[in-house]
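> For reference, this is coords.txt, and it has compact mmCIF, C-alpha atoms.
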# COMPACT_ATOMS: atom_id res chain seq x y z
CA MET A 1 48.47 73.55 94.27
CA LYS A 2 47.70 69.87 94.03
CA GLU A 3 45.44 68.60 91.28
CA GLY A 4 41.78 68.53 92.34
CA GLU A 5 42.44 70.89 95.26
CA GLU A 6 40.33 74.06 95.26
CA GLN A 7 42.19 77.36 95.07
CA GLU A 8 42.08 79.35 98.31
CA ARG A 9 40.12 82.56 97.82
CA SER A 10 39.34 85.48 100.11
CA LEU A 11 37.56 88.82 99.90
CA PHE A 12 39.31 91.68 101.71
CA GLY A 13 40.75 89.29 104.28
CA VAL A 14 37.58 87.22 104.71
CA ALA A 15 38.27 83.57 103.82
CA LEU A 16 35.79 82.20 101.27
CA THR A 17 36.96 78.74 100.22
CA SER A 18 36.61 77.18 103.67
CA ARG A 19 33.02 78.40 104.03
CA PRO A 20 29.81 76.74 102.76
CA LYS A 21 28.63 77.81 99.32
CA TRP A 22 25.71 79.85 100.68
CA GLN A 23 28.05 81.88 102.88
CA GLN A 24 30.41 82.48 99.96
CA PHE A 25 27.46 83.65 97.90
CA LEU A 26 26.13 85.90 100.68
CA ILE A 27 29.48 87.56 101.40
CA CYS A 28 30.33 88.22 97.75
CA SER A 29 26.83 89.40 96.90
CA SER A 30 26.76 91.76 99.88
CA GLY A 31 30.02 93.38 98.81
CA PHE A 32 28.75 93.65 95.26
CA PHE A 33 25.41 95.17 96.22
CA PHE A 34 27.05 97.64 98.59
CA GLY A 35 29.60 98.86 96.06
CA TYR A 36 27.35 99.19 93.06
CA LEU A 37 24.34 100.68 94.82
CA ILE A 38 26.58 103.56 95.88
CA ASN A 39 27.99 103.65 92.35
CA GLY A 40 24.48 103.96 90.93
CA ILE A 41 23.56 106.84 93.21
CA CYS A 42 26.79 108.70 92.38
CA GLU A 43 26.32 108.21 88.63
CA GLU A 44 22.75 109.45 88.79
CA TYR A 45 23.96 112.58 90.60
CA VAL A 46 26.95 113.30 88.36
CA TYR A 47 25.32 112.59 85.00
CA ASN A 48 21.72 113.71 85.49
CA ARG A 49 21.97 116.34 88.22
CA LEU A 50 25.27 117.96 87.28
CA GLN A 51 24.89 117.18 83.54
CA PHE A 52 28.49 115.92 83.32
CA SER A 53 28.75 113.28 80.58
CA TYR A 54 32.44 112.42 80.38
CA GLY A 55 32.43 108.61 80.44
CA TRP A 56 35.94 108.01 79.14
CA TYR A 57 37.51 110.61 81.45
CA PHE A 58 35.67 109.38 84.53
CA THR A 59 36.72 105.80 83.76
CA PHE A 60 40.31 107.04 83.43
CA ILE A 61 40.18 108.67 86.89
CA GLN A 62 38.54 105.56 88.33
CA GLY A 63 41.41 103.41 87.03
CA PHE A 64 44.02 105.35 89.04
CA VAL A 65 41.92 105.02 92.18
CA TYR A 66 41.77 101.26 91.54
CA LEU A 67 45.56 101.05 91.26
CA ALA A 68 46.04 102.93 94.53
CA LEU A 69 43.56 100.71 96.37
CA ILE A 70 45.09 97.52 94.93
CA ARG A 71 48.51 98.67 96.10
CA LEU A 72 47.11 99.35 99.58
CA ASN A 73 45.81 95.77 99.61
CA GLY A 74 49.40 94.53 99.30
CA PHE A 75 49.41 93.31 95.70
CA ASP A 76 52.74 93.29 93.88
CA THR A 77 53.60 92.28 90.30
CA LYS A 78 55.84 89.54 91.70
CA GLN A 79 52.65 87.72 92.70
CA MET A 80 51.44 87.46 89.09
CA VAL A 81 50.88 83.97 87.67
CA ASN A 82 49.78 84.98 84.14
CA PRO A 83 51.82 86.80 81.47
CA TRP A 84 50.84 90.37 80.61
CA ASN A 85 49.55 89.43 77.15
CA THR A 86 46.79 87.40 78.82
CA TYR A 87 45.16 90.67 79.83
CA VAL A 88 45.43 92.66 76.59
CA LYS A 89 42.19 91.42 75.06
CA LEU A 90 40.47 91.46 78.46
CA SER A 91 41.55 95.06 79.13
CA ALA A 92 40.37 96.28 75.73
CA VAL A 93 36.94 94.72 76.35
CA LEU A 94 36.79 96.01 79.94
CA MET A 95 37.66 99.62 79.16
CA SER A 96 35.38 99.70 76.12
CA SER A 97 32.52 98.44 78.27
CA HIS A 98 33.15 101.00 81.03
CA GLY A 99 33.59 103.94 78.68
CA LEU A 100 30.56 103.14 76.51
CA THR A 101 28.39 102.50 79.55
CA LYS A 102 29.28 105.78 81.25
CA GLY A 103 29.10 107.73 78.01
CA SER A 104 25.63 106.41 77.22
CA LEU A 105 24.29 108.15 80.34
CA ALA A 106 24.50 111.43 78.43
CA PHE A 107 21.86 110.16 76.01
CA LEU A 108 19.80 107.73 78.12
CA ASN A 109 18.36 108.28 81.56
CA TYR A 110 19.74 105.91 84.16
CA PRO A 111 16.80 103.42 84.28
CA ALA A 112 16.87 103.14 80.47
CA GLN A 113 20.60 102.46 80.57
CA ILE A 114 20.06 99.80 83.22
CA MET A 115 17.43 98.11 81.05
CA PHE A 116 19.84 97.62 78.17
CA LYS A 117 22.71 96.51 80.40
CA SER A 118 20.49 93.99 82.17
CA THR A 119 19.92 92.02 78.99
CA LYS A 120 23.57 90.96 79.02
CA VAL A 121 22.76 87.78 80.97
CA LEU A 122 21.44 86.09 77.81
CA PRO A 123 24.47 86.94 75.60
CA VAL A 124 26.77 85.88 78.45
CA MET A 125 25.08 82.48 78.65
CA ILE A 126 25.19 82.02 74.88
CA MET A 127 28.78 83.23 74.54
CA GLY A 128 29.90 80.82 77.26
CA ALA A 129 29.35 77.93 74.88
CA PHE A 130 31.98 79.26 72.47
CA ILE A 131 34.76 80.51 74.77
CA PRO A 132 37.75 78.09 74.73
CA GLY A 133 38.30 76.59 78.15
CA LEU A 134 34.62 76.93 79.17
CA ARG A 135 32.12 75.46 76.68
CA ARG A 136 29.32 76.07 79.17
CA LYS A 137 25.88 74.49 78.78
CA TYR A 138 22.95 75.55 80.94
CA PRO A 139 19.68 73.77 81.83
CA PRO A 140 16.47 75.10 80.21
CA HIS A 141 15.07 76.64 83.41
CA GLU A 142 18.09 78.96 83.67
CA TYR A 143 17.35 80.38 80.21
CA VAL A 144 13.71 80.86 81.24
CA SER A 145 14.82 82.57 84.43
CA ALA A 146 17.14 84.90 82.53
CA THR A 147 14.41 85.72 80.03
CA LEU A 148 11.96 86.62 82.81
CA LEU A 149 14.54 88.96 84.33
CA VAL A 150 15.20 90.65 81.00
CA VAL A 151 11.53 91.00 80.07
CA GLY A 152 10.68 92.31 83.52
CA LEU A 153 13.32 95.01 83.29
CA ILE A 154 12.24 95.95 79.76
CA ILE A 155 8.63 96.35 80.91
CA PHE A 156 9.81 98.42 83.86
CA THR A 157 11.84 100.70 81.62
CA LEU A 158 9.11 101.04 79.00
CA ALA A 159 6.94 102.38 81.78
CA ASP A 160 9.76 104.81 82.55
CA ALA A 161 9.85 105.88 78.89
CA GLN A 162 6.19 106.90 79.16
CA THR A 163 6.73 109.03 82.27
CA SER A 164 10.25 110.46 81.91
CA PRO A 165 11.62 109.69 78.42
CA ASN A 166 15.28 110.25 77.64
CA PHE A 167 16.13 107.91 74.75
CA SER A 168 18.27 108.62 71.69
CA ILE A 169 19.76 106.60 68.84
CA ILE A 170 23.31 107.49 69.86
CA GLY A 171 22.69 106.29 73.41
CA VAL A 172 21.17 103.03 72.17
CA VAL A 173 24.18 102.39 69.89
CA MET A 174 26.63 103.08 72.71
CA ILE A 175 24.89 100.87 75.26
CA THR A 176 24.52 98.09 72.67
CA GLY A 177 28.27 98.20 72.12
CA ALA A 178 28.79 97.98 75.88
CA LEU A 179 26.43 95.00 75.96
CA ILE A 180 28.47 93.14 73.35
CA MET A 181 31.66 93.86 75.27
CA ASP A 182 30.07 92.55 78.48
CA SER A 183 29.08 89.28 76.83
CA PHE A 184 32.79 88.63 76.25
CA LEU A 185 34.07 90.13 79.49
CA GLY A 186 32.58 87.78 82.08
CA ASN A 187 33.37 84.67 80.07
CA LEU A 188 36.97 85.74 79.41
CA GLN A 189 37.44 86.38 83.14
CA GLU A 190 35.98 82.99 84.02
CA ALA A 191 38.21 81.32 81.41
CA ILE A 192 41.32 82.84 83.01
CA PHE A 193 40.23 81.72 86.48
CA THR A 194 39.46 78.24 85.12
CA MET A 195 42.68 77.71 83.19
CA SER A 196 44.88 79.41 85.83
CA PRO A 197 43.25 78.73 89.21
CA GLU A 198 46.07 80.49 91.07
CA THR A 199 44.98 83.81 89.56
CA THR A 200 43.79 86.20 92.27
CA GLN A 201 41.07 88.83 91.98
CA MET A 202 43.62 91.58 92.67
CA GLU A 203 45.90 90.37 89.88
CA MET A 204 43.11 90.35 87.34
CA LEU A 205 41.86 93.81 88.32
CA PHE A 206 45.37 95.28 88.50
CA CYS A 207 46.57 93.93 85.16
CA SER A 208 43.31 94.78 83.39
CA THR A 209 43.52 98.35 84.67
CA VAL A 210 47.23 98.87 83.87
CA VAL A 211 46.84 97.56 80.34
CA GLY A 212 43.49 99.27 79.82
CA LEU A 213 44.27 102.83 80.97
CA PRO A 214 46.38 103.74 77.89
CA LEU A 215 43.55 102.47 75.68
CA LEU A 216 41.31 105.24 77.03
CA ILE A 217 43.57 108.08 75.90
CA PRO A 218 42.88 107.95 72.10
CA PRO A 219 39.06 108.22 72.38
CA MET A 220 39.40 111.01 74.98
CA VAL A 221 41.71 113.03 72.71
CA LEU A 222 39.92 112.34 69.42
CA THR A 223 36.51 113.29 70.80
CA GLY A 224 37.86 116.31 72.69
CA GLU A 225 36.39 114.93 75.90
CA LEU A 226 39.71 115.15 77.75
CA PHE A 227 39.86 118.93 77.46
CA ARG A 228 36.15 119.54 78.07
CA ALA A 229 36.17 117.26 81.12
CA TRP A 230 39.32 118.86 82.53
CA LYS A 231 37.80 122.34 82.16
CA SER A 232 34.46 121.36 83.72
CA CYS A 233 36.06 119.54 86.64
CA TYR A 234 38.48 122.43 87.17
CA GLN A 235 35.51 124.74 87.56
CA HIS A 236 33.80 122.27 89.91
CA PRO A 237 36.67 120.54 91.77
CA TYR A 238 34.31 118.84 94.24
CA VAL A 239 33.38 116.50 91.38
CA TYR A 240 36.73 114.75 91.89
CA GLY A 241 35.69 113.98 95.46
CA VAL A 242 32.50 112.37 94.17
CA LEU A 243 34.47 110.40 91.57
CA VAL A 244 37.00 109.12 94.10
CA PHE A 245 34.23 108.11 96.50
CA GLU A 246 32.37 106.37 93.67
CA ALA A 247 35.56 104.59 92.54
CA MET A 248 36.24 103.34 96.07
CA ALA A 249 32.73 101.89 96.32
CA THR A 250 32.96 100.43 92.83
CA PHE A 251 36.30 98.85 93.74
CA VAL A 252 34.58 96.87 96.50
CA GLY A 253 31.88 95.84 94.07
CA GLN A 254 34.32 94.92 91.32
CA VAL A 255 36.47 92.68 93.53
CA SER A 256 33.26 91.04 94.79
CA VAL A 257 32.18 90.43 91.18
CA LEU A 258 35.50 88.78 90.36
CA SER A 259 35.08 86.58 93.44
CA LEU A 260 31.62 85.56 92.24
CA ILE A 261 32.96 84.74 88.77
CA ALA A 262 35.79 82.66 90.22
CA LEU A 263 33.47 80.74 92.56
CA PHE A 264 30.16 80.53 90.68
CA GLY A 265 30.82 81.36 87.02
CA ALA A 266 30.01 84.20 84.62
CA ALA A 267 26.34 83.39 84.00
CA THR A 268 25.40 83.19 87.68
CA THR A 269 27.24 86.44 88.27
CA ALA A 270 25.35 88.07 85.41
CA MET A 271 22.08 86.98 87.03
CA ILE A 272 23.16 88.59 90.30
CA THR A 273 24.13 91.83 88.57
CA THR A 274 20.72 91.85 86.91
CA ALA A 275 19.02 91.52 90.30
CA ARG A 276 21.16 94.41 91.54
CA LYS A 277 20.02 96.55 88.63
CA ALA A 278 16.41 95.92 89.61
CA VAL A 279 17.13 97.18 93.11
CA THR A 280 19.02 100.17 91.71
CA LEU A 281 16.08 100.97 89.45
CA LEU A 282 13.69 100.95 92.37
CA LEU A 283 15.99 103.13 94.48
CA SER A 284 16.36 105.53 91.56
CA TYR A 285 12.61 106.10 91.61
CA LEU A 286 12.36 106.32 95.39
CA LEU A 287 15.32 108.66 95.94
CA PHE A 288 14.69 110.96 92.98
CA THR A 289 10.88 111.06 93.35
CA LYS A 290 9.87 109.58 90.00
CA PRO A 291 6.31 108.26 89.59
CA LEU A 292 5.63 104.50 89.78
CA THR A 293 2.83 102.94 87.72
CA GLU A 294 1.11 99.55 87.41
CA GLN A 295 3.45 98.72 84.55
CA HIS A 296 6.38 99.20 86.90
CA ALA A 297 4.76 96.75 89.32
CA GLY A 298 4.27 94.18 86.55
CA GLY A 299 7.93 94.43 85.59
CA LEU A 300 9.03 93.96 89.18
CA LEU A 301 6.79 90.88 89.44
CA LEU A 302 8.46 89.24 86.42
CA ILE A 303 11.87 90.08 87.85
CA SER A 304 10.93 88.42 91.14
CA MET A 305 9.70 85.32 89.28
CA GLY A 306 12.96 85.10 87.36
CA ILE A 307 15.01 85.31 90.55
CA ALA A 308 12.86 82.69 92.25
CA LEU A 309 13.23 80.34 89.27
CA LYS A 310 17.00 80.81 89.33
CA LEU A 311 17.06 79.66 92.95
CA LEU A 312 15.49 76.30 92.05
CA PRO A 313 17.97 73.41 92.28
CA ASP A 314 19.12 71.73 89.11
CA SER A 315 17.06 68.56 88.68
CA ARG A 316 19.31 67.00 86.06
CA PRO A 317 20.68 63.61 87.10
CA GLN A 318 24.31 63.56 88.04
CA LYS A 319 26.66 62.12 85.47
CA ARG A 320 27.78 58.61 86.33
CA VAL A 321 31.50 58.08 86.54
CA LEU A 322 32.62 54.75 85.26
CA VAL A 323 35.23 53.12 87.48
CA SER A 324 36.51 49.70 86.57
CA THR A 325 36.49 47.13 89.34
CA PRO A 326 39.52 44.94 89.90
CA LEU A 327 39.32 41.58 88.22
CA PRO A 328 39.52 38.50 90.43
CA GLU A 329 42.92 36.96 90.60
CA PHE A 330 43.47 33.57 89.03
CA THR A 331 46.41 31.30 89.34
CA LYS A 332 48.28 31.40 86.09
CA PRO A 333 50.79 28.86 84.83
CA ALA A 334 54.42 29.86 84.87
CA VAL A 335 55.51 31.68 81.74
CA ALA A 336 58.68 33.24 80.50
CA GLU A 337 59.82 36.55 81.97
CA GLY A 338 59.07 38.50 78.77
CA ASN A 339 55.59 37.03 78.52
CA THR A 340 54.97 37.83 82.19
CA ARG A 341 55.84 41.50 81.60
CA GLU A 342 53.43 41.68 78.63
CA ALA A 343 50.66 40.04 80.66
CA ASN A 344 51.14 42.52 83.52
CA THR A 345 50.96 45.40 81.06
CA GLU A 346 47.64 44.10 79.70
CA ASP A 347 46.25 43.75 83.24
CA ASP A 348 47.25 47.31 84.04
CA GLU A 349 45.43 48.57 80.96
CA GLU A 350 42.27 46.68 81.96
CA ARG A 351 42.36 47.94 85.54
CA ARG A 352 43.00 51.59 84.64
CA PRO A 353 39.88 53.75 85.32
CA LEU A 354 37.98 54.85 82.25
CA VAL A 355 37.52 58.38 83.67
Give the structure from the file, written as structure tokens.


Amino acid sequence: MKEGEEQERSLFGVALTSRPKWQQFLICSSGFFFGYLINGICEEYVYNRLQFSYGWYFTFIQGFVYLALIRLNGFDTKQMVNPWNTYVKLSAVLMSSHGLTKGSLAFLNYPAQIMFKSTKVLPVMIMGAFIPGLRRKYPPHEYVSATLLVVGLIIFTLADAQTSPNFSIIGVVMITGALIMDSFLGNLQEAIFTMSPETTQMEMLFCSTVVGLPLLIPPMVLTGELFRAWKSCYQHPYVYGVLVFEAMATFVGQVSVLSLIALFGAATTAMITTARKAVTLLLSYLLFTKPLTEQHAGGLLLISMGIALKLLPDSRPQKRVLVSTPLPEFTKPAVAEGNTREANTEDDEERRPLV
């Protein structure tokens, strides 16, 4: 790929790079919303209705479904552009985030879990300033927008705590750990896309999954979850059907998320995932007949304000690029060949662009 040329990207065969930015955003966001809304409904059913709380085991099963789907999409290790060690740290963060998030559902109801996860947009923005290869800085209105989203979701969930409480210290600790992992995850993914633009979404998901799956085995064995989950799922084999269906939907959402990170960055993607969580929250109340209060409405209003503020264009002036203009030519007296070469070198230095 030539320098300055944008890497060609596509989403399940749909070309993205050649389209306008708003179409890229719409396509990726649609895939993301579709995948994770189904994921949210399945998780609510499995964890709260069936009372199955095996986060590590379910993430392990999901990983194998990912690998099968990636293979069906035609990815092969010969297409890799990054060494395997690039994905070790990323995989550890990714699997820790997935396992802690799913495991926390045993101690927090789903809206409460969403509230904690939605705060990750602020750590992601802050962490972006320290990740090598990124050093992101955001305008003030984006921090205000993120804060409105977070506060709105907290208010919404506090209202939920008054009507259907399901909080515990263990759940809060687990979801906080997942939040810390997420603050690294998006920025590490963006850094890989930035420093290696030829990296595809399928490569990143495949390598992260292959490296991450073995990391799930120790916590499953040490906690005894592997044997409990195997026994429970053996007694209710239809759960595997739900897990495979959920993993297929999540796969669509995950590839869409990676496309958003590659095209728009980690912070913008975190804002979009926060908006999705607001929609999931609302659907959770509508589908599972939970009561809505005025406090819920106030939280949704703040969330809407945060989204609207995010959509405002950046009013910062564009940075000026200094380009030196050629100096007028003057007739110079004849000089020796060595002096002429030195003079030409000095002219070249003067005419070289500063940026």

> Nearest residue to Asn85 in chain A out of A:Phe130, A:Ser53, A:Cys207, A:Val46, using only C-alpha atoms?

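Of A:Phe130, A:Ser53, A:Cys207, A:Val46, the one nearest Asn85 in chain A is A:Cys207, counting only C-alpha atoms.
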
> With distances taken over only C-alpha atoms, which of A:Thr293, A:Thr119, A:Ser97, A:Thr273 is nearest to Ala159 in chain A?

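Using only C-alpha atoms, the shortest distance to Ala159 in chain A belongs to A:Thr293.
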
> Tell me, counting all atoms listed in the file, for each residue of range 136-231 of chain A within 10 Å of range 5-25 of chain A, which pair of atoms is nearest and how far apart they are in Å to one decimal, in rows ordered by chain and increasing number, as a tab-separated table.


residue	atom	partner	partner_atom	distance
A:Phe193	CA	A:Gln7	CA	9.8
A:Ser196	CA	A:Gln7	CA	9.8
A:Pro197	CA	A:Gln7	CA	6.1
A:Glu198	CA	A:Gln7	CA	6.4
A:Thr199	CA	A:Gln7	CA	8.9
A:Thr200	CA	A:Arg9	CA	7.6
A:Gln201	CA	A:Arg9	CA	8.6
A:Met202	CA	A:Leu11	CA	9.8

> Report the distance between CA of Lys89 in chain A and CA of Val221 in chain A in Å, rounded to one decimal place.

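Straight-line distance from CA of Lys89 in chain A to CA of Val221 in chain A works out to 21.7 Å.
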
> Between A:Val173, A:Val81, A:Leu90, A:Met95, which one has atoms that come closest to Leu215 in chain A, using all atoms listed in the file?

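Among the listed residues, the smallest separation from Leu215 in chain A belongs to A:Met95.
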
> Select, from A:Leu26, A:Gly152, A:Gly177, A:Phe64, the residue with the minimum atom-to-atom distance to Gln295 in chain A, counting all atoms listed in the file.

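Ranked by minimum distance to Gln295 in chain A, first place goes to A:Gly152.
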